[in-house]
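What follows is model_3.txt (compact mmCIF, C-alpha atoms).
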# COMPACT_ATOMS: atom_id res chain seq x y z
CA MET A 1331 -17.35 -5.64 -1.66
CA PRO A 1332 -14.61 -5.26 0.98
CA ARG A 1333 -11.08 -6.03 -0.06
CA GLU A 1334 -10.15 -9.61 0.75
CA MET A 1335 -7.25 -10.23 3.10
CA ALA A 1336 -4.85 -13.16 2.82
CA CYS A 1337 -3.81 -15.27 5.80
CA ARG A 1338 -0.02 -15.28 6.11
CA ALA A 1339 -0.11 -18.77 7.60
CA CYS A 1340 -2.27 -20.69 5.10
CA ARG A 1341 -2.90 -18.19 2.25
CA THR A 1342 -6.68 -18.41 2.62
CA LEU A 1343 -8.54 -15.31 1.42
CA THR A 1344 -11.14 -13.85 3.71
CA THR A 1345 -13.08 -10.68 4.46
CA GLU A 1346 -13.24 -11.60 8.17
CA ARG A 1347 -10.82 -10.44 10.87
CA THR A 1348 -9.61 -13.97 11.53
CA CYS A 1349 -8.77 -16.72 9.09
CA PRO A 1350 -11.74 -19.12 8.77
CA ASN A 1351 -9.35 -21.93 7.88
CA CYS A 1352 -6.66 -21.82 10.57
CA GLY A 1353 -7.90 -19.14 12.98
CA SER A 1354 -4.83 -16.93 12.54
CA THR A 1355 -5.21 -13.17 12.89
CA ASP A 1356 -2.05 -12.49 10.87
CA LEU A 1357 -3.78 -11.23 7.74
CA THR A 1358 -2.49 -8.94 5.02
CA ASP A 1359 -3.98 -7.00 2.13
CA SER A 1360 -0.69 -7.33 0.26
CA TRP A 1361 -1.18 -10.43 -1.87
CA SER A 1362 -1.32 -11.40 -5.52
CA GLY A 1363 -2.51 -14.29 -7.65
CA LEU A 1364 -5.66 -16.28 -6.96
CA VAL A 1365 -6.49 -19.97 -6.80
CA ILE A 1366 -10.08 -21.12 -6.41
CA VAL A 1367 -9.93 -24.75 -5.38
CA LEU A 1368 -13.19 -26.49 -6.25
CA ASN A 1369 -12.31 -30.16 -5.85
CA PRO A 1370 -9.25 -30.55 -3.60
CA SER A 1371 -9.20 -34.35 -3.75
CA ALA A 1372 -8.88 -34.35 -7.55
CA SER A 1373 -6.78 -31.22 -7.96
CA GLU A 1374 -3.07 -31.45 -8.59
CA VAL A 1375 -2.81 -27.70 -7.94
CA ALA A 1376 -4.35 -28.16 -4.48
CA ARG A 1377 -1.88 -30.95 -3.73
CA LEU A 1378 1.07 -28.75 -4.74
CA MET A 1379 -0.22 -25.93 -2.54
CA GLY A 1380 -0.82 -28.28 0.37
CA VAL A 1381 -4.51 -27.41 0.39
CA THR A 1382 -7.14 -29.91 1.54
CA LYS A 1383 -10.22 -27.69 1.64
CA ALA A 1384 -12.11 -26.07 -1.22
CA GLY A 1385 -11.91 -22.29 -1.14
CA ARG A 1386 -10.11 -19.19 -2.33
CA TYR A 1387 -6.37 -18.86 -1.81
CA ALA A 1388 -3.70 -16.29 -2.65
CA ILE A 1389 -0.66 -17.45 -4.61
CA GLU A 1390 1.77 -14.88 -3.24
CA VAL A 1391 1.46 -13.37 0.21
CA HIS A 1392 3.83 -10.49 0.90
CA MET B 892 2.89 -24.56 -23.38
CA SER B 893 2.82 -27.84 -25.25
CA ASP B 894 0.52 -29.29 -27.91
CA SER B 895 0.58 -32.75 -26.47
CA GLY B 896 0.62 -31.39 -22.96
CA SER B 897 1.24 -33.48 -19.91
CA ALA B 898 -1.39 -34.42 -17.43
CA GLY B 899 -0.71 -34.00 -13.76
CA ALA B 900 -0.18 -37.01 -11.53
CA ARG B 901 -3.94 -37.22 -10.97
CA GLY B 902 -4.84 -36.97 -14.67
CA THR B 903 -5.66 -33.29 -14.54
CA GLN B 904 -4.82 -30.88 -17.34
CA LEU B 905 -4.24 -27.14 -17.33
CA PHE B 906 -5.82 -24.87 -19.94
CA ALA B 907 -5.14 -21.16 -20.37
CA VAL B 908 -8.16 -19.00 -21.18
CA LYS B 909 -7.74 -15.51 -22.62
CA VAL B 910 -9.90 -12.93 -20.86
CA VAL B 911 -10.27 -9.15 -20.84
CA SER B 912 -7.29 -7.66 -19.04
CA GLY B 913 -8.18 -6.55 -15.52
CA GLN B 914 -11.17 -8.88 -15.30
CA GLU B 915 -9.23 -12.03 -14.33
CA ASN B 916 -10.57 -12.29 -10.77
CA ASN B 917 -14.17 -11.58 -11.79
CA VAL B 918 -14.03 -14.16 -14.57
CA ALA B 919 -12.47 -16.73 -12.22
CA ARG B 920 -15.27 -16.18 -9.72
CA LEU B 921 -17.96 -16.55 -12.40
CA ILE B 922 -16.37 -19.72 -13.74
CA ALA B 923 -16.12 -21.19 -10.23
CA THR B 924 -19.80 -20.46 -9.59
CA ARG B 925 -20.83 -22.11 -12.85
CA VAL B 926 -18.65 -25.17 -12.18
CA GLN B 927 -20.31 -25.62 -8.78
CA LEU B 928 -23.82 -25.15 -10.17
CA ARG B 929 -23.36 -27.55 -13.08
CA GLY B 930 -21.05 -30.03 -11.36
CA LEU B 931 -18.41 -29.77 -14.07
CA ASN B 932 -15.06 -31.55 -13.82
CA VAL B 933 -13.05 -28.38 -13.31
CA TYR B 934 -10.93 -28.85 -10.21
CA SER B 935 -9.44 -25.39 -9.73
CA VAL B 936 -9.30 -21.95 -11.33
CA LEU B 937 -6.07 -19.95 -11.21
CA VAL B 938 -5.24 -16.30 -11.78
CA LEU B 939 -1.47 -16.24 -11.98
CA PRO B 940 0.40 -13.15 -10.80
CA ARG B 941 2.05 -11.23 -13.65
CA ALA B 942 -0.09 -13.01 -16.28
CA ARG B 943 -2.55 -10.27 -17.15
CA GLY B 944 -5.34 -11.29 -19.49
CA TYR B 945 -5.27 -14.99 -18.69
CA VAL B 946 -7.08 -17.38 -16.37
CA VAL B 947 -5.96 -21.00 -16.02
CA LEU B 948 -8.40 -23.86 -15.52
CA GLU B 949 -7.45 -27.25 -14.14
CA ALA B 950 -9.86 -29.78 -15.56
CA ASP B 951 -10.21 -33.34 -16.85
CA GLY B 952 -10.37 -32.19 -20.47
CA ILE B 953 -11.18 -29.43 -22.93
CA GLU B 954 -14.91 -30.25 -22.96
CA SER B 955 -15.27 -29.32 -19.30
CA VAL B 956 -13.36 -26.09 -19.93
CA ASN B 957 -15.59 -25.15 -22.87
CA ASP B 958 -18.71 -25.85 -20.77
CA ALA B 959 -17.30 -23.74 -17.92
CA ILE B 960 -16.49 -20.66 -20.00
CA SER B 961 -19.11 -20.59 -22.76
CA GLY B 962 -21.14 -17.40 -22.67
CA ILE B 963 -19.30 -15.91 -19.71
CA LYS B 964 -18.75 -12.18 -20.06
CA ASN B 965 -15.17 -10.98 -20.62
CA VAL B 966 -13.94 -14.41 -21.77
CA LYS B 967 -12.25 -14.29 -25.18
CA SER B 968 -11.04 -17.78 -26.09
CA VAL B 969 -9.23 -20.90 -24.95
CA VAL B 970 -5.54 -20.82 -25.82
CA PRO B 971 -4.73 -23.87 -28.00
CA GLY B 972 -2.60 -26.48 -26.27
CA MET B 973 -2.12 -27.10 -22.60
CA LEU B 974 0.06 -25.75 -19.86
CA ARG B 975 2.31 -28.19 -18.05
CA ILE B 976 1.94 -28.46 -14.31
CA ASP B 977 5.68 -27.74 -14.13
CA ASP B 978 4.99 -24.27 -15.61
CA VAL B 979 2.97 -23.20 -12.58
CA LYS B 980 4.61 -25.40 -9.93
CA PRO B 981 7.29 -22.86 -8.85
CA MET B 982 4.59 -20.24 -8.13
CA LEU B 983 2.33 -22.58 -6.19
CA THR B 984 4.97 -24.15 -4.00
CA MET B 985 6.76 -20.89 -3.26
CA ARG B 986 7.18 -20.47 0.46
CA LYS B 987 7.61 -17.12 2.09
CA GLU B 988 11.28 -16.54 2.67
CA GLU B 989 12.53 -15.85 6.17
CA VAL B 990 13.01 -12.16 6.80
CA LYS B 991 16.63 -11.35 7.57
CA LEU B 992 17.55 -7.73 8.15
CA ASP B 993 20.71 -6.01 9.30
CA ALA B 994 21.22 -2.61 10.89
CA GLY B 995 21.62 0.00 8.18
CA ASP B 996 19.50 -1.83 5.59
CA LEU B 997 17.15 0.35 3.56
CA VAL B 998 13.64 -1.10 3.66
CA GLU B 999 10.15 -0.25 2.47
CA VAL B 1000 7.17 -0.58 4.79
CA ILE B 1001 4.60 -2.72 2.93
CA SER B 1002 1.76 -2.81 5.45
CA GLY B 1003 0.36 -0.88 8.37
CA PRO B 1004 0.02 2.87 8.94
CA PHE B 1005 3.45 3.64 7.46
CA LYS B 1006 2.80 1.64 4.29
CA GLY B 1007 4.76 2.90 1.30
CA MET B 1008 7.39 4.74 3.35
CA LYS B 1009 11.09 4.02 3.18
CA ALA B 1010 13.05 3.43 6.36
CA ARG B 1011 16.48 2.46 7.58
CA VAL B 1012 16.89 -0.43 10.01
CA VAL B 1013 18.34 0.54 13.39
CA ARG B 1014 17.94 -2.77 15.17
CA PHE B 1015 16.53 -6.20 14.23
CA GLU B 1016 15.32 -8.66 16.85
CA GLU B 1017 15.37 -12.01 15.13
CA GLY B 1018 13.56 -13.87 17.91
CA LYS B 1019 10.59 -11.51 17.92
CA LYS B 1020 10.81 -10.86 14.17
CA GLU B 1021 10.59 -7.15 14.95
CA ALA B 1022 12.68 -4.31 13.59
CA THR B 1023 13.21 -0.82 14.89
CA VAL B 1024 13.49 1.52 11.94
CA ASN B 1025 14.03 5.19 11.22
CA LEU B 1026 11.58 6.53 8.68
CA VAL B 1027 13.50 8.41 6.01
CA ASP B 1028 10.54 9.96 4.16
CA VAL B 1029 9.63 12.29 7.02
CA PRO B 1030 11.40 15.62 7.68
CA TYR B 1031 11.98 14.79 11.36
CA GLN B 1032 13.50 11.71 12.96
CA LEU B 1033 10.82 9.14 13.73
CA GLN B 1034 11.79 5.75 15.10
CA VAL B 1035 9.19 2.99 15.09
CA THR B 1036 9.20 -0.71 15.87
CA VAL B 1037 7.37 -2.82 13.34
CA ASP B 1038 6.83 -6.48 12.52
CA ALA B 1039 9.61 -7.63 10.17
CA ASN B 1040 6.97 -9.18 7.87
CA TYR B 1041 5.78 -5.64 7.16
CA LEU B 1042 9.18 -4.69 5.71
CA ARG B 1043 10.72 -5.41 2.35
CA LYS B 1044 14.41 -4.91 1.72
CA VAL B 1045 15.13 -2.33 -0.97
CA GLN B 1046 18.03 -3.02 -3.31
CA GLN B 1047 20.66 -0.33 -2.89
Show me this structure written as structure tokens.
Amino acid sequence: MPREMACRACRTLTTERTCPNCGSTDLTDSWSGLVIVLNPSASEVARLMGVTKAGRYAIEVH
Amino acid sequence: MSDSGSAGARGTQLFAVKVVSGQENNVARLIATRVQLRGLNVYSVLVLPRARGYVVLEADGIESVNDAISGIKNVKSVVPGMLRIDDVKPMLTMRKEEVKLDAGDLVEVISGPFKGMKARVVRFEEGKKEATVNLVDVPYQLQVTVDANYLRKVQQ
């Protein structure tokens, strides 16, 4: 499985060349921590992160 | 960690689950898949940086957590008690700090073809967020211009 890259703009993790969430091409393989948001409307964690879509996100993007 | 715990503003609770060290991301992915398949009330799964051997589940209660982890490979046990949302809040809300470099600063290149090399800043263009640096790990003088986001200041 190819290494996931994190979007520097929205922290979304992806294996694509552009971020599927915001369309940014500013991706990095230097990230740590992982949040899998399953139910963004009920999740306090998602609210704190400013996330409105379910998906995989990095906690720290370097 | 508290015994009584404190639910988040939306009534969610955080539970730490002990897992085999190094398997945090795999376990998190397996748990997420099970939650989606069974429609469990687990709202998010977290692997916190610098917390090896633990995965954190945000759920409506311990029953949902037990359903989500039972029988999953590399899961050891649920840690008694709950985490407070305030324990993880600083990590989640952390914004990337603005890069500010000065000429003469020693930096490390953290991405791109020169990743891992040390360099000294010659010039920093704040508007473009670009820095011209001299690589110090090479035996000859090599000046390159790189995105400031690819540089991390090294404490001197």
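Across the structure, CA of Tyr934 in chain B and CA of Pro1370 in chain A are spaced 7.0 Å apart.
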Counting all atoms listed in the file, what are the residues of chain B within 6 Å of chain A, and for each of them which pair of atoms is the nearest and at what distance in Å, to one decimal? Sort the table by chain and rising number, as a Markdown table.
| residue | atom | partner | partner_atom | distance |
| --- | --- | --- | --- | --- |
| B:Tyr934 | CA | A:Asn1369 | CA | 4.8 |
| B:Ser935 | CA | A:Val1367 | CA | 4.4 |
| B:Val936 | CA | A:Ile1366 | CA | 5.1 |
| B:Leu937 | CA | A:Val1365 | CA | 4.4 |
| B:Val938 | CA | A:Leu1364 | CA | 4.8 |
| B:Leu939 | CA | A:Gly1363 | CA | 4.9 |
| B:Pro940 | CA | A:Gly1363 | CA | 4.4 |
| B:Leu983 | CA | A:Met1379 | CA | 5.6 |
| B:Thr984 | CA | A:Met1379 | CA | 5.7 |
Subject >> Separation of CA of Val926 in chain B from CA of Gly952 in chain B in Å >> reply: 13.7 Å
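Here the question is which of B:Val979, B:Val946, B:Val1013, B:Val1037 gets nearest to Asp993 in chain B using all atoms listed in the file, and that residue is B:Val1013.
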Subject >> Pairwise distance for CA of Leu974 in chain B and CA of Val947 in chain B, rounded to one decimal in Å >> reply: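 Straight-line distance from CA of Leu974 in chain B to CA of Val947 in chain B works out to 8.6 Å.
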Original post:
Which polymer residues have any atom within 9 Å of an atom of Glu1021 in chain B, counting all atoms listed in the file, with same-chain residues fewer than 6 positions away left out, as a PyMOL selection string?
Top reply: chain B and resi 1014-1015+1036-1040
Original post:
For Gly1018 in chain B, which residue among B:Val918, B:Ile960, B:Ala923, B:Val990 is the nearest when counting all atoms listed in the file?
Top reply: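 Nearest to Gly1018 in chain B: B:Val990.
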**OP:** Determine, counting all atoms listed in the file, which protein, DNA and RNA residues have an atom within 8 Å of an atom of Val1012 in chain B; residues of the same chain fewer than 4 positions away are not included. Present the result as a ChimeraX atom specification.
**Re:** /B:992-998,1022-1025
**OP:** Could you tell me which of B:Ile922, B:Val910, B:Ile953, B:Ala959 comes closest to Gly972 in chain B if we count all atoms listed in the file?
**Re:**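 Smallest distance to Gly972 in chain B is found for B:Ile953.
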**OP:** Have a look at B:Glu1017, B:Glu949, B:Asp1028, B:Asp958 and name the one nearest to Leu931 in chain B; count all atoms listed in the file.
**Re:**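 Selected residue with least distance to Leu931 in chain B: B:Asp958.
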